[in-house]
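Here's the structure we're looking at; comments come further down.
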Amino acid sequence: MNRPGILDRYVLREFLLYFALTFLFFVGIFAVVDVFEKIDRFLDAHAGAAQLAVYFALHVPSVAVLVMPMALLLAAMLTLSQMGKFNELTAMNVAGRSYLRLARPLLGVALLASAVSFVLEEYAVPRSNRARQQYLERTVMHIVPSPPSQRDNLLYMGTEGRVFSMRSYLVQEQRMLEPTIQSFGGGRVRVRIDAREGTWDGAHWVLRDGVQRVFGEDRETAVRFGTLTLARLRERPADFAAEERNPSQMTITELRRYIGRLVESGRAAERYEVDFQLKLSYPLINLVALLIAVAIAAQLRRNSPALAFGLSAVASFAFYGVVATGRALGQSGVLPPWFAGWAGHALFLAVAGAMLWKSPR
């Protein structure tokens, strides 16, 4: 008889049952909170239950990523507390099963949850957030957005270290008014072009009535022009017409590219670097949460479901508080971005490791 396999399946079955229940519980809480936050908009728009359901369905990916660590933590606490309450842990120890070996199937689920969280964060969450906002505005509130005809005081981070600024960009005409294009290299401006206007000729940008300045190591060269065709620019009219997105609406790849453009242009990117590190580290919260639950349960061994729920809530709030504090300190420049994004994980992993080291074997 494969006794270890039987025990693993038993522990895994109990844990997955609790995980499914706690996951649905937390998703339900978020659904209720979200509904109450938006209820006035739905009532004003005379929206029905079907529209409300679609709206929340589009919110599920981001909610799933957020509540998965809490569900794992609480499910592990409930599983191990119940097994301790009925002396199942003692029986397994007598059978030669160490506490850490007993938790191995749970760790496998946490690793899988981390992978799922990463995939959702990269491919589903940004798209669903944009779709949810559009659904609320267009389908529920019947706001028909008109195509932007003009963008004023536009600042755009281009490729190859270029920064575009212009008084206005006329979308339909594909025309820049009073554009300034700066090319950075080595942390300083290398070329600056100021013009009265710029238009798209179907293949390239053509600037008119301006001056091009080239900055050398010890001198500046200025050349006036009537017409200047910028054949090397990669930016197209659609780039200037599109609205800028915040980091929550970007995938990890998109955010990395945006940071690269900021760095090339010599602009500060710490705020976005912190968000990038958090996007990378966040999926591992699932593993950290599971280890914290195992460490706490290993110290208590026997505890009630109420105590398990309370300790899970305290641990969750403490962890998210540390992560939020690190994010704020990183974006303000007090902490390096990589440290701000990973410090919370490292701290709680160290605490969990110390607790597991001191727990009875």
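Naming scheme: A, B, ... for chains in displayed order of the structure tokens; residues 1 onward per chain; ligands 1 onward as shown.
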
Using only C-alpha atoms, which residues sit within 9 Å of Leu262 in chain A once same-chain residues fewer than 5 positions away are excluded, as a PyMOL selection string?
chain A and resi 157-158+161+163+257+267-269

With N, CA, C and O atoms retained, could you export that selection as a CSV table (one decimal), in the first residue's frame?
```
chain,number,residue,atom,x,y,z
A,157,MET,N,6.0,59.8,-24.6
A,157,MET,CA,7.3,59.1,-24.5
A,157,MET,C,7.5,58.2,-25.7
A,157,MET,O,6.8,57.2,-25.8
A,158,GLY,N,8.4,58.6,-26.6
A,158,GLY,CA,8.6,57.9,-27.8
A,158,GLY,C,9.7,56.8,-27.7
A,158,GLY,O,10.2,56.6,-26.6
A,161,GLY,N,14.7,57.0,-27.1
A,161,GLY,CA,15.0,58.2,-26.3
A,161,GLY,C,14.4,59.5,-26.7
A,161,GLY,O,14.9,60.5,-26.3
A,163,VAL,N,11.3,62.3,-26.7
A,163,VAL,CA,10.1,62.9,-26.0
A,163,VAL,C,9.4,63.9,-26.8
A,163,VAL,O,10.1,64.8,-27.3
A,257,ARG,N,8.2,47.8,-21.4
A,257,ARG,CA,8.5,48.7,-22.5
A,257,ARG,C,8.4,50.2,-22.2
A,257,ARG,O,9.2,51.0,-22.6
A,267,ARG,N,14.0,60.4,-18.2
A,267,ARG,CA,13.0,60.8,-17.2
A,267,ARG,C,12.9,59.8,-16.1
A,267,ARG,O,13.3,58.6,-16.2
A,268,ALA,N,12.4,60.2,-14.9
A,268,ALA,CA,12.4,59.4,-13.8
A,268,ALA,C,11.4,58.3,-14.0
A,268,ALA,O,10.2,58.5,-14.4
A,269,ALA,N,11.8,57.0,-13.7
A,269,ALA,CA,10.9,55.9,-13.9
A,269,ALA,C,10.7,55.1,-12.6
A,269,ALA,O,10.2,54.0,-12.7
```

Determine which residues of range 129-206 of chain A DSSP labels as strand (DSSP E) from the backbone of this structure, then write them out as an NGL selection string.
:A and (150-157 or 162-170 or 175-185 or 188-200 or 205-206)

Residue contacts of range 116-122 of chain A (9 Å, only C-alpha atoms) excluding same-chain residues fewer than 2 positions away, as a PDB file with all heavy atoms, in the first residue's frame:
```
ATOM      1  N   PRO A  61     -11.430  38.252 -13.049  1.00  0.00           N
ATOM      2  CA  PRO A  61      -9.980  38.000 -13.095  1.00  0.00           C
ATOM      3  C   PRO A  61      -9.177  38.797 -12.069  1.00  0.00           C
ATOM      4  O   PRO A  61      -8.317  38.237 -11.383  1.00  0.00           O
ATOM      5  CB  PRO A  61      -9.608  38.395 -14.530  1.00  0.00           C
ATOM      6  CG  PRO A  61     -10.856  38.180 -15.309  1.00  0.00           C
ATOM      7  CD  PRO A  61     -11.962  38.575 -14.389  1.00  0.00           C
ATOM      8  N   SER A  62      -9.451  40.099 -11.943  1.00  0.00           N
ATOM      9  CA  SER A  62      -8.699  40.897 -10.985  1.00  0.00           C
ATOM     10  C   SER A  62      -9.052  40.526  -9.550  1.00  0.00           C
ATOM     11  O   SER A  62      -8.180  40.499  -8.673  1.00  0.00           O
ATOM     12  CB  SER A  62      -8.962  42.394 -11.211  1.00  0.00           C
ATOM     13  OG  SER A  62     -10.338  42.688 -11.119  1.00  0.00           O
ATOM     14  N   ALA A  64     -10.022  37.525  -8.574  1.00  0.00           N
ATOM     15  CA  ALA A  64      -9.418  36.218  -8.338  1.00  0.00           C
ATOM     16  C   ALA A  64      -7.950  36.346  -7.944  1.00  0.00           C
ATOM     17  O   ALA A  64      -7.473  35.675  -7.013  1.00  0.00           O
ATOM     18  CB  ALA A  64      -9.559  35.341  -9.580  1.00  0.00           C
ATOM     19  N   VAL A  65      -7.218  37.199  -8.653  1.00  0.00           N
ATOM     20  CA  VAL A  65      -5.804  37.406  -8.320  1.00  0.00           C
ATOM     21  C   VAL A  65      -5.657  37.984  -6.921  1.00  0.00           C
ATOM     22  O   VAL A  65      -4.752  37.624  -6.173  1.00  0.00           O
ATOM     23  CB  VAL A  65      -5.150  38.343  -9.366  1.00  0.00           C
ATOM     24  CG1 VAL A  65      -3.751  38.759  -8.926  1.00  0.00           C
ATOM     25  CG2 VAL A  65      -5.075  37.638 -10.716  1.00  0.00           C
ATOM     26  N   LEU A  66      -6.576  38.874  -6.542  1.00  0.00           N
ATOM     27  CA  LEU A  66      -6.485  39.535  -5.244  1.00  0.00           C
ATOM     28  C   LEU A  66      -6.822  38.598  -4.084  1.00  0.00           C
ATOM     29  O   LEU A  66      -6.143  38.626  -3.038  1.00  0.00           O
ATOM     30  CB  LEU A  66      -7.425  40.744  -5.230  1.00  0.00           C
ATOM     31  CG  LEU A  66      -7.380  41.624  -3.980  1.00  0.00           C
ATOM     32  CD1 LEU A  66      -5.997  42.244  -3.816  1.00  0.00           C
ATOM     33  CD2 LEU A  66      -8.445  42.708  -4.055  1.00  0.00           C
ATOM     34  N   MET A  68      -7.005  35.157  -4.070  1.00  0.00           N
ATOM     35  CA  MET A  68      -6.423  33.821  -4.049  1.00  0.00           C
ATOM     36  C   MET A  68      -5.462  33.596  -2.878  1.00  0.00           C
ATOM     37  O   MET A  68      -5.537  32.562  -2.202  1.00  0.00           O
ATOM     38  CB  MET A  68      -5.722  33.531  -5.381  1.00  0.00           C
ATOM     39  CG  MET A  68      -5.570  32.038  -5.685  1.00  0.00           C
ATOM     40  SD  MET A  68      -4.755  31.751  -7.286  1.00  0.00           S
ATOM     41  CE  MET A  68      -5.903  32.555  -8.400  1.00  0.00           C
ATOM     42  N   LEU A 111       2.114  26.693  -5.408  1.00  0.00           N
ATOM     43  CA  LEU A 111       2.952  26.960  -6.586  1.00  0.00           C
ATOM     44  C   LEU A 111       2.098  27.042  -7.846  1.00  0.00           C
ATOM     45  O   LEU A 111       2.316  27.907  -8.707  1.00  0.00           O
ATOM     46  CB  LEU A 111       4.007  25.869  -6.729  1.00  0.00           C
ATOM     47  CG  LEU A 111       5.161  25.912  -5.718  1.00  0.00           C
ATOM     48  CD1 LEU A 111       6.039  24.670  -5.874  1.00  0.00           C
ATOM     49  CD2 LEU A 111       6.005  27.170  -5.918  1.00  0.00           C
ATOM     50  N   LEU A 112       1.122  26.160  -7.967  1.00  0.00           N
ATOM     51  CA  LEU A 112       0.215  26.202  -9.112  1.00  0.00           C
ATOM     52  C   LEU A 112      -0.601  27.497  -9.104  1.00  0.00           C
ATOM     53  O   LEU A 112      -0.798  28.127 -10.149  1.00  0.00           O
ATOM     54  CB  LEU A 112      -0.717  24.993  -9.089  1.00  0.00           C
ATOM     55  CG  LEU A 112      -1.758  24.914 -10.217  1.00  0.00           C
ATOM     56  CD1 LEU A 112      -1.077  24.853 -11.581  1.00  0.00           C
ATOM     57  CD2 LEU A 112      -2.671  23.707 -10.020  1.00  0.00           C
ATOM     58  N   ALA A 113      -1.055  27.897  -7.919  1.00  0.00           N
ATOM     59  CA  ALA A 113      -1.814  29.145  -7.804  1.00  0.00           C
ATOM     60  C   ALA A 113      -0.950  30.343  -8.196  1.00  0.00           C
ATOM     61  O   ALA A 113      -1.449  31.297  -8.813  1.00  0.00           O
ATOM     62  CB  ALA A 113      -2.328  29.320  -6.379  1.00  0.00           C
ATOM     63  N   SER A 114       0.341  30.318  -7.861  1.00  0.00           N
ATOM     64  CA  SER A 114       1.245  31.399  -8.252  1.00  0.00           C
ATOM     65  C   SER A 114       1.360  31.485  -9.768  1.00  0.00           C
ATOM     66  O   SER A 114       1.354  32.579 -10.349  1.00  0.00           O
ATOM     67  CB  SER A 114       2.630  31.187  -7.626  1.00  0.00           C
ATOM     68  OG  SER A 114       2.573  31.252  -6.218  1.00  0.00           O
ATOM     69  N   ALA A 124      -4.996  38.420 -18.611  1.00  0.00           N
ATOM     70  CA  ALA A 124      -6.435  38.623 -18.427  1.00  0.00           C
ATOM     71  C   ALA A 124      -6.787  39.905 -17.689  1.00  0.00           C
ATOM     72  O   ALA A 124      -7.708  40.622 -18.096  1.00  0.00           O
ATOM     73  CB  ALA A 124      -7.034  37.420 -17.678  1.00  0.00           C
ATOM     74  N   VAL A 125      -6.080  40.212 -16.609  1.00  0.00           N
ATOM     75  CA  VAL A 125      -6.479  41.327 -15.740  1.00  0.00           C
ATOM     76  C   VAL A 125      -6.464  42.674 -16.454  1.00  0.00           C
ATOM     77  O   VAL A 125      -7.460  43.415 -16.395  1.00  0.00           O
ATOM     78  CB  VAL A 125      -5.604  41.363 -14.471  1.00  0.00           C
ATOM     79  CG1 VAL A 125      -5.882  42.619 -13.656  1.00  0.00           C
ATOM     80  CG2 VAL A 125      -5.871  40.128 -13.618  1.00  0.00           C
ATOM     81  N   PRO A 126      -5.376  43.062 -17.140  1.00  0.00           N
ATOM     82  CA  PRO A 126      -5.410  44.375 -17.810  1.00  0.00           C
ATOM     83  C   PRO A 126      -6.535  44.493 -18.837  1.00  0.00           C
ATOM     84  O   PRO A 126      -7.210  45.531 -18.915  1.00  0.00           O
ATOM     85  CB  PRO A 126      -4.028  44.460 -18.480  1.00  0.00           C
ATOM     86  CG  PRO A 126      -3.163  43.537 -17.699  1.00  0.00           C
ATOM     87  CD  PRO A 126      -4.058  42.410 -17.307  1.00  0.00           C
ATOM     88  N   MET A 250      -1.840  47.852 -17.777  1.00  0.00           N
ATOM     89  CA  MET A 250      -0.757  47.364 -18.626  1.00  0.00           C
ATOM     90  C   MET A 250      -0.357  45.955 -18.213  1.00  0.00           C
ATOM     91  O   MET A 250      -0.409  45.596 -17.039  1.00  0.00           O
ATOM     92  CB  MET A 250       0.478  48.263 -18.510  1.00  0.00           C
ATOM     93  CG  MET A 250       0.301  49.687 -18.954  1.00  0.00           C
ATOM     94  SD  MET A 250       1.888  50.583 -18.839  1.00  0.00           S
ATOM     95  CE  MET A 250       1.347  52.272 -19.053  1.00  0.00           C
ATOM     96  N   THR A 251       0.049  45.171 -19.187  1.00  0.00           N
ATOM     97  CA  THR A 251       0.648  43.883 -18.879  1.00  0.00           C
ATOM     98  C   THR A 251       2.088  44.113 -18.414  1.00  0.00           C
ATOM     99  O   THR A 251       2.619  45.229 -18.493  1.00  0.00           O
ATOM    100  CB  THR A 251       0.651  42.971 -20.112  1.00  0.00           C
ATOM    101  OG1 THR A 251       1.515  43.538 -21.111  1.00  0.00           O
ATOM    102  CG2 THR A 251      -0.751  42.819 -20.684  1.00  0.00           C
ATOM    103  N   ILE A 252       2.705  43.070 -17.908  1.00  0.00           N
ATOM    104  CA  ILE A 252       4.090  43.185 -17.461  1.00  0.00           C
ATOM    105  C   ILE A 252       4.985  43.589 -18.623  1.00  0.00           C
ATOM    106  O   ILE A 252       5.872  44.442 -18.483  1.00  0.00           O
ATOM    107  CB  ILE A 252       4.560  41.852 -16.849  1.00  0.00           C
ATOM    108  CG1 ILE A 252       3.769  41.549 -15.569  1.00  0.00           C
ATOM    109  CG2 ILE A 252       6.053  41.880 -16.548  1.00  0.00           C
ATOM    110  CD1 ILE A 252       4.061  40.201 -14.960  1.00  0.00           C
ATOM    111  N   THR A 253       4.746  43.006 -19.788  1.00  0.00           N
ATOM    112  CA  THR A 253       5.546  43.331 -20.972  1.00  0.00           C
ATOM    113  C   THR A 253       5.359  44.781 -21.390  1.00  0.00           C
ATOM    114  O   THR A 253       6.336  45.482 -21.690  1.00  0.00           O
ATOM    115  CB  THR A 253       5.178  42.404 -22.131  1.00  0.00           C
ATOM    116  OG1 THR A 253       5.343  41.035 -21.718  1.00  0.00           O
ATOM    117  CG2 THR A 253       6.057  42.658 -23.346  1.00  0.00           C
ATOM    118  N   LYS A 279       4.311  43.724  -9.868  1.00  0.00           N
ATOM    119  CA  LYS A 279       3.631  42.809 -10.787  1.00  0.00           C
ATOM    120  C   LYS A 279       4.377  41.479 -10.882  1.00  0.00           C
ATOM    121  O   LYS A 279       3.762  40.415 -11.011  1.00  0.00           O
ATOM    122  CB  LYS A 279       3.515  43.448 -12.177  1.00  0.00           C
ATOM    123  CG  LYS A 279       2.367  44.434 -12.334  1.00  0.00           C
ATOM    124  CD  LYS A 279       2.310  44.981 -13.736  1.00  0.00           C
ATOM    125  CE  LYS A 279       1.109  45.884 -13.954  1.00  0.00           C
ATOM    126  NZ  LYS A 279      -0.161  45.126 -14.012  1.00  0.00           N
ATOM    127  N   LEU A 280       5.714  41.542 -10.841  1.00  0.00           N
ATOM    128  CA  LEU A 280       6.498  40.306 -10.880  1.00  0.00           C
ATOM    129  C   LEU A 280       6.371  39.512  -9.587  1.00  0.00           C
ATOM    130  O   LEU A 280       6.275  38.282  -9.603  1.00  0.00           O
ATOM    131  CB  LEU A 280       7.975  40.636 -11.124  1.00  0.00           C
ATOM    132  CG  LEU A 280       8.395  41.070 -12.528  1.00  0.00           C
ATOM    133  CD1 LEU A 280       9.883  41.371 -12.543  1.00  0.00           C
ATOM    134  CD2 LEU A 280       8.064  39.992 -13.552  1.00  0.00           C
ATOM    135  N   TYR A 282       3.993  39.801  -7.110  1.00  0.00           N
ATOM    136  CA  TYR A 282       2.678  39.547  -6.525  1.00  0.00           C
ATOM    137  C   TYR A 282       2.229  38.089  -6.625  1.00  0.00           C
ATOM    138  O   TYR A 282       1.685  37.548  -5.649  1.00  0.00           O
ATOM    139  CB  TYR A 282       1.619  40.458  -7.157  1.00  0.00           C
ATOM    140  CG  TYR A 282       0.301  40.398  -6.421  1.00  0.00           C
ATOM    141  CD1 TYR A 282       0.070  41.202  -5.313  1.00  0.00           C
ATOM    142  CD2 TYR A 282      -0.697  39.504  -6.800  1.00  0.00           C
ATOM    143  CE1 TYR A 282      -1.118  41.123  -4.613  1.00  0.00           C
ATOM    144  CE2 TYR A 282      -1.891  39.417  -6.113  1.00  0.00           C
ATOM    145  CZ  TYR A 282      -2.100  40.236  -5.011  1.00  0.00           C
ATOM    146  OH  TYR A 282      -3.274  40.140  -4.313  1.00  0.00           O
ATOM    147  N   PRO A 283       2.393  37.406  -7.752  1.00  0.00           N
ATOM    148  CA  PRO A 283       1.937  36.008  -7.802  1.00  0.00           C
ATOM    149  C   PRO A 283       2.547  35.125  -6.721  1.00  0.00           C
ATOM    150  O   PRO A 283       1.915  34.162  -6.270  1.00  0.00           O
ATOM    151  CB  PRO A 283       2.374  35.548  -9.200  1.00  0.00           C
ATOM    152  CG  PRO A 283       2.384  36.798 -10.010  1.00  0.00           C
ATOM    153  CD  PRO A 283       2.884  37.857  -9.077  1.00  0.00           C
ATOM    154  N   LEU A 284       3.766  35.440  -6.273  1.00  0.00           N
ATOM    155  CA  LEU A 284       4.412  34.626  -5.243  1.00  0.00           C
ATOM    156  C   LEU A 284       3.796  34.827  -3.869  1.00  0.00           C
ATOM    157  O   LEU A 284       4.141  34.109  -2.921  1.00  0.00           O
ATOM    158  CB  LEU A 284       5.904  34.927  -5.195  1.00  0.00           C
ATOM    159  CG  LEU A 284       6.698  34.473  -6.427  1.00  0.00           C
ATOM    160  CD1 LEU A 284       8.160  34.871  -6.291  1.00  0.00           C
ATOM    161  CD2 LEU A 284       6.571  32.969  -6.627  1.00  0.00           C
ATOM    162  N   ASN A 286       0.982  33.965  -3.131  1.00  0.00           N
ATOM    163  CA  ASN A 286       0.260  32.713  -2.870  1.00  0.00           C
ATOM    164  C   ASN A 286       1.135  31.724  -2.103  1.00  0.00           C
ATOM    165  O   ASN A 286       0.687  31.098  -1.134  1.00  0.00           O
ATOM    166  CB  ASN A 286      -0.191  32.097  -4.196  1.00  0.00           C
ATOM    167  CG  ASN A 286      -1.212  32.946  -4.913  1.00  0.00           C
ATOM    168  OD1 ASN A 286      -2.368  32.985  -4.564  1.00  0.00           O
ATOM    169  ND2 ASN A 286      -0.762  33.673  -5.926  1.00  0.00           N
TER     170      ASN A 286
END
```

With only C-alpha atoms as the basis for distance, which of A:Val189, A:Ala71, A:Ile143, A:Leu278 is at the shortest distance from Leu24 in chain A?
A:Ala71

Please return as a PyMOL selection string: the residues of range 84-227 of chain A that backbone DSSP assigns to helix (DSSP H, G or I).
chain A and resi 84-85+88-94+99-102+104-140

Atoms to include: C-alpha atoms. Write the selected residues as a PDB file, in the first residue's frame.
```pdb
ATOM      1  CA  GLY A  84      -5.215  18.861  14.791  1.00  0.00           C
ATOM      2  CA  LYS A  85      -8.563  19.056  16.545  1.00  0.00           C
ATOM      3  CA  GLU A  88      -5.151  13.338  12.896  1.00  0.00           C
ATOM      4  CA  LEU A  89      -1.863  15.230  12.935  1.00  0.00           C
ATOM      5  CA  THR A  90      -0.717  13.239  15.968  1.00  0.00           C
ATOM      6  CA  ALA A  91      -1.653   9.980  14.277  1.00  0.00           C
ATOM      7  CA  MET A  92       0.260  10.939  11.151  1.00  0.00           C
ATOM      8  CA  ASN A  93       3.304  11.910  13.222  1.00  0.00           C
ATOM      9  CA  VAL A  94       3.180   8.525  14.954  1.00  0.00           C
ATOM     10  CA  TYR A  99       4.635  18.123   9.775  1.00  0.00           C
ATOM     11  CA  LEU A 100       6.486  19.686   6.868  1.00  0.00           C
ATOM     12  CA  ARG A 101       6.150  16.543   4.790  1.00  0.00           C
ATOM     13  CA  LEU A 102       2.429  16.604   5.531  1.00  0.00           C
ATOM     14  CA  ARG A 104       3.911  19.247   0.808  1.00  0.00           C
ATOM     15  CA  PRO A 105       0.698  18.767  -1.253  1.00  0.00           C
ATOM     16  CA  LEU A 106      -0.472  22.179  -0.039  1.00  0.00           C
ATOM     17  CA  LEU A 107       2.752  23.774  -1.227  1.00  0.00           C
ATOM     18  CA  GLY A 108       2.219  22.209  -4.645  1.00  0.00           C
ATOM     19  CA  VAL A 109      -1.202  23.867  -4.869  1.00  0.00           C
ATOM     20  CA  ALA A 110       0.336  27.202  -3.820  1.00  0.00           C
ATOM     21  CA  LEU A 111       2.952  26.960  -6.586  1.00  0.00           C
ATOM     22  CA  LEU A 112       0.215  26.202  -9.112  1.00  0.00           C
ATOM     23  CA  ALA A 113      -1.814  29.145  -7.804  1.00  0.00           C
ATOM     24  CA  SER A 114       1.245  31.399  -8.252  1.00  0.00           C
ATOM     25  CA  ALA A 115       1.547  30.316 -11.883  1.00  0.00           C
ATOM     26  CA  VAL A 116      -2.173  30.868 -12.508  1.00  0.00           C
ATOM     27  CA  SER A 117      -1.975  34.283 -10.844  1.00  0.00           C
ATOM     28  CA  PHE A 118       0.946  35.283 -13.066  1.00  0.00           C
ATOM     29  CA  VAL A 119      -0.897  34.223 -16.236  1.00  0.00           C
ATOM     30  CA  LEU A 120      -4.034  36.102 -15.177  1.00  0.00           C
ATOM     31  CA  GLU A 121      -2.031  39.211 -14.275  1.00  0.00           C
ATOM     32  CA  GLU A 122      -0.216  39.186 -17.599  1.00  0.00           C
ATOM     33  CA  TYR A 123      -2.984  38.245 -20.009  1.00  0.00           C
ATOM     34  CA  ALA A 124      -6.435  38.623 -18.427  1.00  0.00           C
ATOM     35  CA  VAL A 125      -6.479  41.327 -15.740  1.00  0.00           C
ATOM     36  CA  PRO A 126      -5.410  44.375 -17.810  1.00  0.00           C
ATOM     37  CA  ARG A 127      -7.790  43.485 -20.639  1.00  0.00           C
ATOM     38  CA  SER A 128     -10.717  42.714 -18.322  1.00  0.00           C
ATOM     39  CA  ASN A 129     -10.184  45.981 -16.415  1.00  0.00           C
ATOM     40  CA  ARG A 130     -10.393  47.963 -19.638  1.00  0.00           C
ATOM     41  CA  ALA A 131     -13.396  45.958 -20.846  1.00  0.00           C
ATOM     42  CA  ARG A 132     -15.197  46.407 -17.506  1.00  0.00           C
ATOM     43  CA  GLN A 133     -14.766  50.185 -17.596  1.00  0.00           C
ATOM     44  CA  GLN A 134     -15.993  50.352 -21.183  1.00  0.00           C
ATOM     45  CA  TYR A 135     -18.981  48.118 -20.383  1.00  0.00           C
ATOM     46  CA  LEU A 136     -19.980  50.327 -17.456  1.00  0.00           C
ATOM     47  CA  GLU A 137     -19.758  53.511 -19.501  1.00  0.00           C
ATOM     48  CA  ARG A 138     -21.156  52.352 -22.835  1.00  0.00           C
ATOM     49  CA  THR A 139     -23.612  49.524 -22.104  1.00  0.00           C
ATOM     50  CA  VAL A 140     -24.820  50.326 -18.594  1.00  0.00           C
TER      51      VAL A 140
END
```

With only C-alpha atoms as the counted atoms, please give the residues lying no more than 10 Å from range 336-351 of chain A, apart from itself and same-chain residues fewer than 3 positions off, as a VMD selection string.
chain A and resid 269 to 282 284 to 285 287 to 289 291 to 292 295 315 318 to 333 354 to 357

My list of candidates is A:Phe240, A:Asp34, A:Ile193, A:Leu230. Which is closest to Asp152 in chain A when distances are computed with only C-alpha atoms?
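So, comparing all the options, the nearest one is A:Phe240.
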
What's the separation between CA of Thr79 in chain A and CA of Phe15 in chain A, in Å to one decimal place?
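One can read the CA of Thr79 in chain A to CA of Phe15 in chain A distance as 5.6 Å.
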
Considering only C-alpha atoms, can you say which of A:Ala76, A:Ala297, A:Val211, A:Ala31 comes closest to Val54 in chain A?
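Residue with the minimum atom-to-atom distance to Val54 in chain A: A:Ala31.
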
For CA of Leu154 in chain A and CA of Arg167 in chain A, the interatomic separation in Å (one decimal):
6.6 Å

Skipping near chain neighbours, those fewer than 4 positions away, what residues fall within 12 Å of Leu21 in chain A using only C-alpha atoms, listed as a ChimeraX atom specification?
/A:14-17,25-28,68,70-72,74-76,78-79

So that I have them on file, write out the residues from the current selection with N, CA, C and O atoms, as a JSON list (two decimals), in the first residue's frame.
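Once everything was written out, this is part15.json:
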```json
[["chain", "number", "residue", "atom", "x", "y", "z"],
["A", 14, "GLU", "N", -9.09, 17.47, 1.48],
["A", 14, "GLU", "CA", -9.63, 18.37, 2.50],
["A", 14, "GLU", "C", -9.27, 19.82, 2.22],
["A", 14, "GLU", "O", -10.09, 20.73, 2.35],
["A", 15, "PHE", "N", -8.03, 20.03, 1.83],
["A", 15, "PHE", "CA", -7.56, 21.39, 1.58],
["A", 15, "PHE", "C", -8.29, 22.01, 0.38],
["A", 15, "PHE", "O", -8.70, 23.18, 0.44],
["A", 16, "LEU", "N", -8.44, 21.27, -0.70],
["A", 16, "LEU", "CA", -9.10, 21.82, -1.89],
["A", 16, "LEU", "C", -10.57, 22.15, -1.62],
["A", 16, "LEU", "O", -11.11, 23.12, -2.16],
["A", 17, "LEU", "N", -11.21, 21.37, -0.76],
["A", 17, "LEU", "CA", -12.59, 21.67, -0.40],
["A", 17, "LEU", "C", -12.67, 23.00, 0.34],
["A", 17, "LEU", "O", -13.50, 23.86, 0.01],
["A", 25, "PHE", "N", -16.18, 32.46, -1.00],
["A", 25, "PHE", "CA", -16.58, 33.38, 0.07],
["A", 25, "PHE", "C", -15.97, 34.76, -0.16],
["A", 25, "PHE", "O", -16.67, 35.78, -0.11],
["A", 26, "PHE", "N", -14.66, 34.82, -0.42],
["A", 26, "PHE", "CA", -14.02, 36.11, -0.62],
["A", 26, "PHE", "C", -14.49, 36.78, -1.92],
["A", 26, "PHE", "O", -14.65, 38.01, -1.96],
["A", 27, "VAL", "N", -14.69, 35.99, -2.97],
["A", 27, "VAL", "CA", -15.20, 36.56, -4.22],
["A", 27, "VAL", "C", -16.59, 37.16, -3.99],
["A", 27, "VAL", "O", -16.91, 38.25, -4.50],
["A", 28, "GLY", "N", -17.41, 36.46, -3.20],
["A", 28, "GLY", "CA", -18.74, 36.97, -2.89],
["A", 28, "GLY", "C", -18.69, 38.28, -2.13],
["A", 28, "GLY", "O", -19.48, 39.19, -2.40],
["A", 68, "MET", "N", -7.00, 35.16, -4.07],
["A", 68, "MET", "CA", -6.42, 33.82, -4.05],
["A", 68, "MET", "C", -5.46, 33.60, -2.88],
["A", 68, "MET", "O", -5.54, 32.56, -2.20],
["A", 70, "MET", "N", -5.44, 35.04, 0.08],
["A", 70, "MET", "CA", -6.23, 34.98, 1.32],
["A", 70, "MET", "C", -6.97, 33.66, 1.43],
["A", 70, "MET", "O", -7.08, 33.08, 2.51],
["A", 71, "ALA", "N", -7.50, 33.18, 0.31],
["A", 71, "ALA", "CA", -8.20, 31.91, 0.32],
["A", 71, "ALA", "C", -7.26, 30.76, 0.63],
["A", 71, "ALA", "O", -7.60, 29.83, 1.39],
["A", 72, "LEU", "N", -6.06, 30.78, 0.06],
["A", 72, "LEU", "CA", -5.07, 29.74, 0.36],
["A", 72, "LEU", "C", -4.68, 29.74, 1.84],
["A", 72, "LEU", "O", -4.59, 28.69, 2.48],
["A", 74, "LEU", "N", -6.36, 30.96, 4.50],
["A", 74, "LEU", "CA", -7.45, 30.51, 5.37],
["A", 74, "LEU", "C", -7.74, 29.03, 5.18],
["A", 74, "LEU", "O", -7.98, 28.31, 6.16],
["A", 75, "ALA", "N", -7.70, 28.54, 3.94],
["A", 75, "ALA", "CA", -7.97, 27.12, 3.70],
["A", 75, "ALA", "C", -6.93, 26.24, 4.37],
["A", 75, "ALA", "O", -7.26, 25.20, 4.96],
["A", 76, "ALA", "N", -5.66, 26.63, 4.30],
["A", 76, "ALA", "CA", -4.61, 25.85, 4.97],
["A", 76, "ALA", "C", -4.79, 25.86, 6.48],
["A", 76, "ALA", "O", -4.63, 24.83, 7.15],
["A", 78, "LEU", "N", -7.61, 26.27, 8.16],
["A", 78, "LEU", "CA", -8.78, 25.46, 8.51],
["A", 78, "LEU", "C", -8.48, 23.97, 8.38],
["A", 78, "LEU", "O", -8.88, 23.16, 9.23],
["A", 79, "THR", "N", -7.78, 23.60, 7.32],
["A", 79, "THR", "CA", -7.45, 22.19, 7.10],
["A", 79, "THR", "C", -6.61, 21.64, 8.24],
["A", 79, "THR", "O", -6.91, 20.59, 8.84]]
```

Show me, as a PyMOL selection string, the residues that have an atom within 8 Å of Ala45 in chain A when counting only C-alpha atoms, minus same-chain residues fewer than 4 positions from it.
chain A and resi 41+140-142

Keeping only N, CA and C atoms, take the residues you just selected and write them out as a JSON list (two decimals), in the first residue's frame.
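File written: result-v6.json
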```
[["chain", "number", "residue", "atom", "x", "y", "z"],
["A", 41, "ARG", "N", -25.06, 54.10, -9.84],
["A", 41, "ARG", "CA", -24.93, 54.20, -11.29],
["A", 41, "ARG", "C", -25.87, 53.22, -11.99],
["A", 140, "VAL", "N", -23.98, 50.07, -19.76],
["A", 140, "VAL", "CA", -24.82, 50.33, -18.59],
["A", 140, "VAL", "C", -25.28, 51.78, -18.55],
["A", 141, "MET", "N", -24.35, 52.72, -18.65],
["A", 141, "MET", "CA", -24.68, 54.13, -18.50],
["A", 141, "MET", "C", -25.00, 54.80, -19.84],
["A", 142, "HIS", "N", -24.85, 54.05, -20.94],
["A", 142, "HIS", "CA", -25.21, 54.53, -22.28],
["A", 142, "HIS", "C", -24.46, 55.81, -22.65]]
```
